[in-house]
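Data block below; observations after.
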Amino acid sequence: QDKNRKLRPLYDIPYMFEAREFLRKKLIGKKVNVSVDYIRPASSATDTVPAFSERTCATVSIGGINIAEALVSKGLATVLRYRQDDDQRSAHYDELLAAEARAIKNGKGLHSKKEVPIHRVADISGDTQKAKQFLPFLQRAGRSEAVVEYVFSGSRLKLFLPKETCLITFLLAGIECPRGARNVPGLAQEGEPFSEEATLFTKELVLQREVEVEVESMDKAGNFIGWLHIEGVNLSVALVEQALSRVHFTAERSPYCKALLAAQDAAKQRKEKVWSHYEETPVEEVVPVLEEKERTANYKPVFVTEITDDLHFYVQDVETGAQLEKLMENMRAEVGAHPPVEGSFVPRRGDFCIAKFVDGEWYRARVEKVESGGKVHIFYIDYGNKETLPPSRLAPLPPAFSPRVLPPQATEYTFAFIQVPQDEEARADAVDSVVRDIQNTQCLLNVEHLGPGCPHVTLQFADSKSDVGLGLVKEGLVMVEPRKERQFQKVITEYLNAQEAAKSARLNLWRYGDFRADDADEFGYSR
């Protein structure tokens with residue numbers, strides 16, 4: 001092992017991952033039969049062997065199959081040797097030896113002469129820099145498949161993402177779970193009431209099970225925050241339903257807010273667990289105090305690479321532009337030195353690959369859809385554009401240039417404070433204007449608020465610092481989206497004033513006056 005790299009037995013010891021997966025898929029959530037063979041007494045440590053506490057050794061079977069025998073027969077475990085007169089062994093010792101003999105004869109697993117499978121898993125839990133790089137990729141992925149490796153507390157888990165081949169620490173969004181006991185140097189900190197119950201509930205529901213996660217954000221320590229679903233159950237909502245967590249104020253921005261609040265109201269009424277001392281506050285005494293936020297303007301330089309037909313756009317972060325150029329240069333050199341064999345890549349939805357663009361160069365891409373007749377819909381992950389290609393123009397993505405090395409560089413955004421026309425011709429006019437003004441140019445971007453699909457932002461031209469979205473309003477190409485948040489009122493007022501000026505000048509959308517008053521539905525617009 002590398003001195004600077006910590007040993008991770010599950011991924012670094014040959015066939016241990018395969019053995020774990022075999023047991024996990026066979027046993028988790030299943031009813032089994034357990035027959036105790038013997039009890040091994042506790043042993044003290046020696047120079048070569050660590051101390052062991054008392055252990056109960058048993059035969060576990062499911063559906064009449066001895067799991068230990070199945071594990072050995074697949075070459076995923078070996079049999080400990082015992083003396084003939086030693087009764088401290090399995091009642092099925094002879095069957096285990098026979099299973100091992102078969103595995104050796106057939107070259108299974110550990111006994112195979114083939115190359116040992118290597119699992120290159122990136123552990124980015126607690127690594128802030130790596131987490132920052134992965135965040136946009138996981139956010140855009142929507143729901144990602146994961147396996148719950150470990151449960152630290154009711155709301156903090158360690159996950160393995162098989163598709164992304166990485167380990168992350170994951171915090172449940174939208175809830176405030178009781179904190180568990182912590183050993184701080186010089187002080188043993190007791191856990192909050194019901195913290196152990198919350199941890200046990202989460203363990204029983206999700207530990208070592210396949211789940212889906214939606215990553216929303218990350219904290220300063222590099223932990224990802226989001227929603228975890230198992231068989232249609234949202235774990236955050238389940239903990240609140242069981243009166244093992246409270247709803248956190250950040251849940252107000254989430255699509256699960258109603259479900260969380262409904263679950264909390266029901267738990268309050270039952271006065272169970274965390275709500276056992278709850279006393280309902282008289283309605284007349286409730287005076288909501290909203291903390292006024294200020295609009296934050298933190299513009300960063302970006303390069304606009306693609307404009308979509310619904311006026312979304314993709315940008316690259318200027319700060320990581322040099323990394324992408326270097327990766328592309330090295331990737332093309334490798335492909336040039338080792339040209340891909342036509343037909344060597346069988347496209348499947350979600351797979352990463354390289355695609356030959358119209359300029360004859362190879363770019364990183366992801367398969368979006370595979371149609372019969374040899375049509376493959378792909379998305380260029382570093383630029384945001386889409387294309388339909390034959391499989392002959394696709395090839396496997398060399399591992400050295402995968403999204404694990406450099407996450408996809410194209411990030412999707414849409415304009416804040418404007419409404420895109422629903423009429424196709426009017427929308428096309430707005431898109432054409434934006435393409436002329438900003439495609440393949442450097443701009444300044446500020447995230448204003450999050451949206452259901454992607455963040456809503458304002459863009460400024462890099463040289464003049466003038467607002468691109470405001471310019472569209474001034475030209476009468478789009479309408480203003482009124483928002484009630486106090487921090488946006490100054491900019492919304494500026495946009496509305498520009499809209500009134502465009503109306504007065506009868507520009508584009510407003511050339512026939514204010515069409516929205518009586519015939520908005522007829523023309524496909526809404527206030």
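Residue numbers start at 1 in each chain; chains themselves are named A, B, ... in the order of the structure tokens; ligands are numbered from 1 in the order shown.
Selecting alpha helix (DSSP H) from the backbone DSSP output for stretch 444-501 of chain A yields A:Val468, A:Gly469, A:Leu470, A:Gly471, A:Leu472, A:Val473, A:Lys474, A:Gln489, A:Lys490, A:Val491, A:Ile492, A:Thr493, A:Glu494, A:Tyr495, A:Leu496, A:Asn497, A:Ala498, A:Gln499, A:Glu500, A:Ala501.
Look at stretch 428-430 of chain A: the protein and nucleic acid residues within 8 Å of it, using only C-alpha atoms and passing over chain neighbours fewer than 6 places away, are Asp309, Leu311, Leu472, Leu477 and Val478 of chain A.
Take the candidates A:Lys105, A:Ala141, A:Ala146, A:Ser433 and check each one against A:Arg366 using only C-alpha atoms; the shortest distance goes to A:Ala141.
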Who sits within 6 Å of stretch 196-208 of chain A, only C-alpha atoms, same chain under 5 positions skipped, as a list of chain:residue names: A:Val148, A:Glu149, A:Ser153, A:Gly154, A:Leu244
Convert the current residue selection to file output with all heavy atoms, as a PDB file, in the first residue's frame.
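Printed below is result-v4.pdb as written:
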ATOM      1  N   VAL A 148     -26.042   2.394   0.708  1.00  0.00           N
ATOM      2  CA  VAL A 148     -25.708   2.969   2.010  1.00  0.00           C
ATOM      3  C   VAL A 148     -24.644   2.095   2.672  1.00  0.00           C
ATOM      4  O   VAL A 148     -24.909   0.961   3.074  1.00  0.00           O
ATOM      5  CB  VAL A 148     -26.954   3.079   2.913  1.00  0.00           C
ATOM      6  CG1 VAL A 148     -26.576   3.635   4.278  1.00  0.00           C
ATOM      7  CG2 VAL A 148     -28.011   3.959   2.256  1.00  0.00           C
ATOM      8  N   GLU A 149     -23.421   2.619   2.735  1.00  0.00           N
ATOM      9  CA  GLU A 149     -22.294   1.870   3.300  1.00  0.00           C
ATOM     10  C   GLU A 149     -22.315   1.889   4.834  1.00  0.00           C
ATOM     11  O   GLU A 149     -21.974   0.901   5.472  1.00  0.00           O
ATOM     12  CB  GLU A 149     -20.970   2.491   2.820  1.00  0.00           C
ATOM     13  CG  GLU A 149     -20.703   2.308   1.350  1.00  0.00           C
ATOM     14  CD  GLU A 149     -20.090   0.953   1.050  1.00  0.00           C
ATOM     15  OE1 GLU A 149     -19.658   0.284   1.995  1.00  0.00           O
ATOM     16  OE2 GLU A 149     -20.064   0.569  -0.127  1.00  0.00           O
ATOM     17  N   SER A 153     -25.450   8.530  11.976  1.00  0.00           N
ATOM     18  CA  SER A 153     -26.531   9.009  12.849  1.00  0.00           C
ATOM     19  C   SER A 153     -27.823   8.947  12.050  1.00  0.00           C
ATOM     20  O   SER A 153     -27.823   8.485  10.909  1.00  0.00           O
ATOM     21  CB  SER A 153     -26.246  10.444  13.310  1.00  0.00           C
ATOM     22  OG  SER A 153     -26.375  11.339  12.215  1.00  0.00           O
ATOM     23  N   GLY A 154     -28.896   9.422  12.646  1.00  0.00           N
ATOM     24  CA  GLY A 154     -30.172   9.374  11.950  1.00  0.00           C
ATOM     25  C   GLY A 154     -30.180  10.088  10.620  1.00  0.00           C
ATOM     26  O   GLY A 154     -30.908   9.701   9.705  1.00  0.00           O
ATOM     27  N   LEU A 244     -38.984  11.529  15.077  1.00  0.00           N
ATOM     28  CA  LEU A 244     -37.561  11.404  15.402  1.00  0.00           C
ATOM     29  C   LEU A 244     -36.743  12.563  14.833  1.00  0.00           C
ATOM     30  O   LEU A 244     -35.519  12.582  14.957  1.00  0.00           O
ATOM     31  CB  LEU A 244     -37.015  10.073  14.872  1.00  0.00           C
ATOM     32  CG  LEU A 244     -37.551   8.828  15.587  1.00  0.00           C
ATOM     33  CD1 LEU A 244     -37.158   7.562  14.853  1.00  0.00           C
ATOM     34  CD2 LEU A 244     -37.060   8.783  17.037  1.00  0.00           C
TER      35      LEU A 244
END
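Distances to A:Ser217 were evaluated for A:Lys271, A:Arg140, A:Lys375, A:Lys108 using only C-alpha atoms, and the minimum falls at A:Arg140.
Atom CA of A:Tyr380 is positioned 17.6 Å from atom CA of A:Ala400.
Every protein, DNA or RNA residue with an atom at most 10 Å from stretch 89-92 of chain A, where only C-alpha atoms count and chain neighbours fewer than 4 positions away do not, is listed here: Ser35, Val36, Asp37, Tyr38, Ile39, Arg40, Cys57, Ala58, Thr59, Asn66, Ala68, Glu69, Leu80, Arg81, Tyr82, Arg83, Gln84, Leu96 and Leu97 of chain A.
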Expected file: the selected residues, N, CA and C atoms, as a short mmCIF file (atom, residue, chain, number, x, y, z; two decimals), in the first residue's frame:
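Contents of the output file part_24.cif:
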data_model
loop_
_atom_site.label_atom_id
_atom_site.label_comp_id
_atom_site.auth_asym_id
_atom_site.auth_seq_id
_atom_site.Cartn_x
_atom_site.Cartn_y
_atom_site.Cartn_z
N SER A 35 -28.23 -21.24 12.82
CA SER A 35 -27.98 -22.39 13.69
C SER A 35 -26.60 -22.20 14.34
N VAL A 36 -26.56 -22.03 15.67
CA VAL A 36 -25.30 -21.78 16.36
C VAL A 36 -24.47 -23.07 16.41
N ASP A 37 -23.23 -22.97 15.91
CA ASP A 37 -22.33 -24.14 15.91
C ASP A 37 -21.48 -24.18 17.18
N TYR A 38 -20.92 -23.04 17.58
CA TYR A 38 -20.10 -22.99 18.79
C TYR A 38 -19.87 -21.53 19.18
N ILE A 39 -19.39 -21.32 20.37
CA ILE A 39 -19.05 -19.97 20.85
C ILE A 39 -17.55 -19.91 21.08
N ARG A 40 -16.90 -18.99 20.40
CA ARG A 40 -15.46 -18.84 20.56
C ARG A 40 -15.19 -17.86 21.70
N CYS A 57 -20.37 -18.27 16.65
CA CYS A 57 -20.14 -18.74 15.28
C CYS A 57 -21.33 -19.63 14.89
N ALA A 58 -21.93 -19.30 13.74
CA ALA A 58 -23.17 -19.98 13.36
C ALA A 58 -23.23 -20.26 11.87
N THR A 59 -24.14 -21.14 11.48
CA THR A 59 -24.44 -21.41 10.08
C THR A 59 -25.70 -20.63 9.71
N ASN A 66 -26.89 -23.01 2.36
CA ASN A 66 -25.91 -22.56 3.33
C ASN A 66 -25.11 -21.42 2.70
N ALA A 68 -22.52 -19.71 3.73
CA ALA A 68 -21.06 -19.87 3.79
C ALA A 68 -20.59 -20.80 2.67
N GLU A 69 -21.33 -21.87 2.45
CA GLU A 69 -20.97 -22.82 1.39
C GLU A 69 -21.06 -22.15 0.02
N LEU A 80 -11.30 -22.28 6.92
CA LEU A 80 -10.29 -22.43 7.98
C LEU A 80 -10.07 -23.91 8.25
N ARG A 81 -8.81 -24.31 8.44
CA ARG A 81 -8.51 -25.73 8.70
C ARG A 81 -8.54 -26.01 10.21
N TYR A 82 -9.12 -27.17 10.57
CA TYR A 82 -9.22 -27.59 11.97
C TYR A 82 -8.68 -29.01 12.12
N ARG A 83 -8.25 -29.33 13.34
CA ARG A 83 -7.86 -30.72 13.63
C ARG A 83 -9.11 -31.60 13.66
N GLN A 84 -8.91 -32.87 13.40
CA GLN A 84 -10.03 -33.80 13.38
C GLN A 84 -10.78 -33.85 14.71
N LEU A 96 -18.16 -27.60 3.38
CA LEU A 96 -17.39 -26.40 3.07
C LEU A 96 -16.09 -26.77 2.35
N LEU A 97 -15.41 -27.84 2.83
CA LEU A 97 -14.18 -28.30 2.18
C LEU A 97 -14.45 -28.75 0.75
#
Selection near stretch 507-510 of chain A, 8 Å with only C-alpha atoms, sequence-local residues under 4 positions removed, as a ChimeraX atom specification: /A:426,475-478,502-503,514-515
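Minimum atom-to-atom distances from A:Leu260, A:Leu459, A:Ala51, A:Ile67 to A:Phe22 were compared using only C-alpha atoms, and the lowest value belongs to A:Ile67.
The residue that comes closest to A:Ser392, out of A:Ala355, A:Ala77, A:Val405, A:Ala266 and on the basis of only C-alpha atoms, is A:Ala355.
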So that I can check the surroundings of A:Met479, please list as a ChimeraX atom specification every protein, DNA and RNA residue that reaches within 7 Å of it, counting only C-alpha atoms and ignoring chain neighbours fewer than 5 positions away. /A:418-420,473
Restrict the selected residues to all heavy atoms and save them as a CSV table (one decimal), in the first residue's frame.
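Below is the file that was written, again.csv:
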chain,number,residue,atom,x,y,z
A,418,ILE,N,-37.1,37.0,-15.8
A,418,ILE,CA,-37.8,37.2,-17.1
A,418,ILE,C,-38.7,36.0,-17.4
A,418,ILE,O,-38.5,34.9,-16.9
A,418,ILE,CB,-36.8,37.4,-18.2
A,418,ILE,CG1,-36.0,36.2,-18.5
A,418,ILE,CG2,-36.0,38.6,-18.0
A,418,ILE,CD1,-35.2,36.3,-19.8
A,419,GLN,N,-39.7,36.2,-18.2
A,419,GLN,CA,-40.6,35.1,-18.7
A,419,GLN,C,-40.3,34.9,-20.2
A,419,GLN,O,-40.3,35.9,-20.9
A,419,GLN,CB,-42.0,35.4,-18.5
A,419,GLN,CG,-42.5,35.4,-17.0
A,419,GLN,CD,-44.0,35.7,-16.8
A,419,GLN,OE1,-44.5,36.4,-17.7
A,419,GLN,NE2,-44.6,35.2,-15.8
A,420,VAL,N,-40.0,33.7,-20.6
A,420,VAL,CA,-39.8,33.4,-22.0
A,420,VAL,C,-41.1,33.3,-22.7
A,420,VAL,O,-42.0,32.7,-22.2
A,420,VAL,CB,-39.0,32.1,-22.1
A,420,VAL,CG1,-38.7,31.8,-23.6
A,420,VAL,CG2,-37.7,32.2,-21.4
A,473,VAL,N,-35.4,42.7,-22.1
A,473,VAL,CA,-36.7,43.3,-21.7
A,473,VAL,C,-36.8,44.7,-22.4
A,473,VAL,O,-37.9,45.0,-22.9
A,473,VAL,CB,-36.7,43.5,-20.1
A,473,VAL,CG1,-37.9,44.3,-19.7
A,473,VAL,CG2,-36.7,42.2,-19.4
Write down as a PyMOL selection string the residues belonging to stretch 99-204 of chain A that are assigned strand (DSSP E or B) by DSSP computed on the backbone. chain A and resi 122-123+143-153+156-161+166-172+175-176+182-184+187-189
Across A:His449, A:His229, A:Arg246, A:Lys26, the smallest distance to A:Phe488, with only C-alpha atoms counted, is shown by A:His449
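Nearest residue to A:Leu23, choosing from A:Ser61, A:Ser112, A:Thr165, A:Ser254 and counting only C-alpha atoms: A:Ser61.
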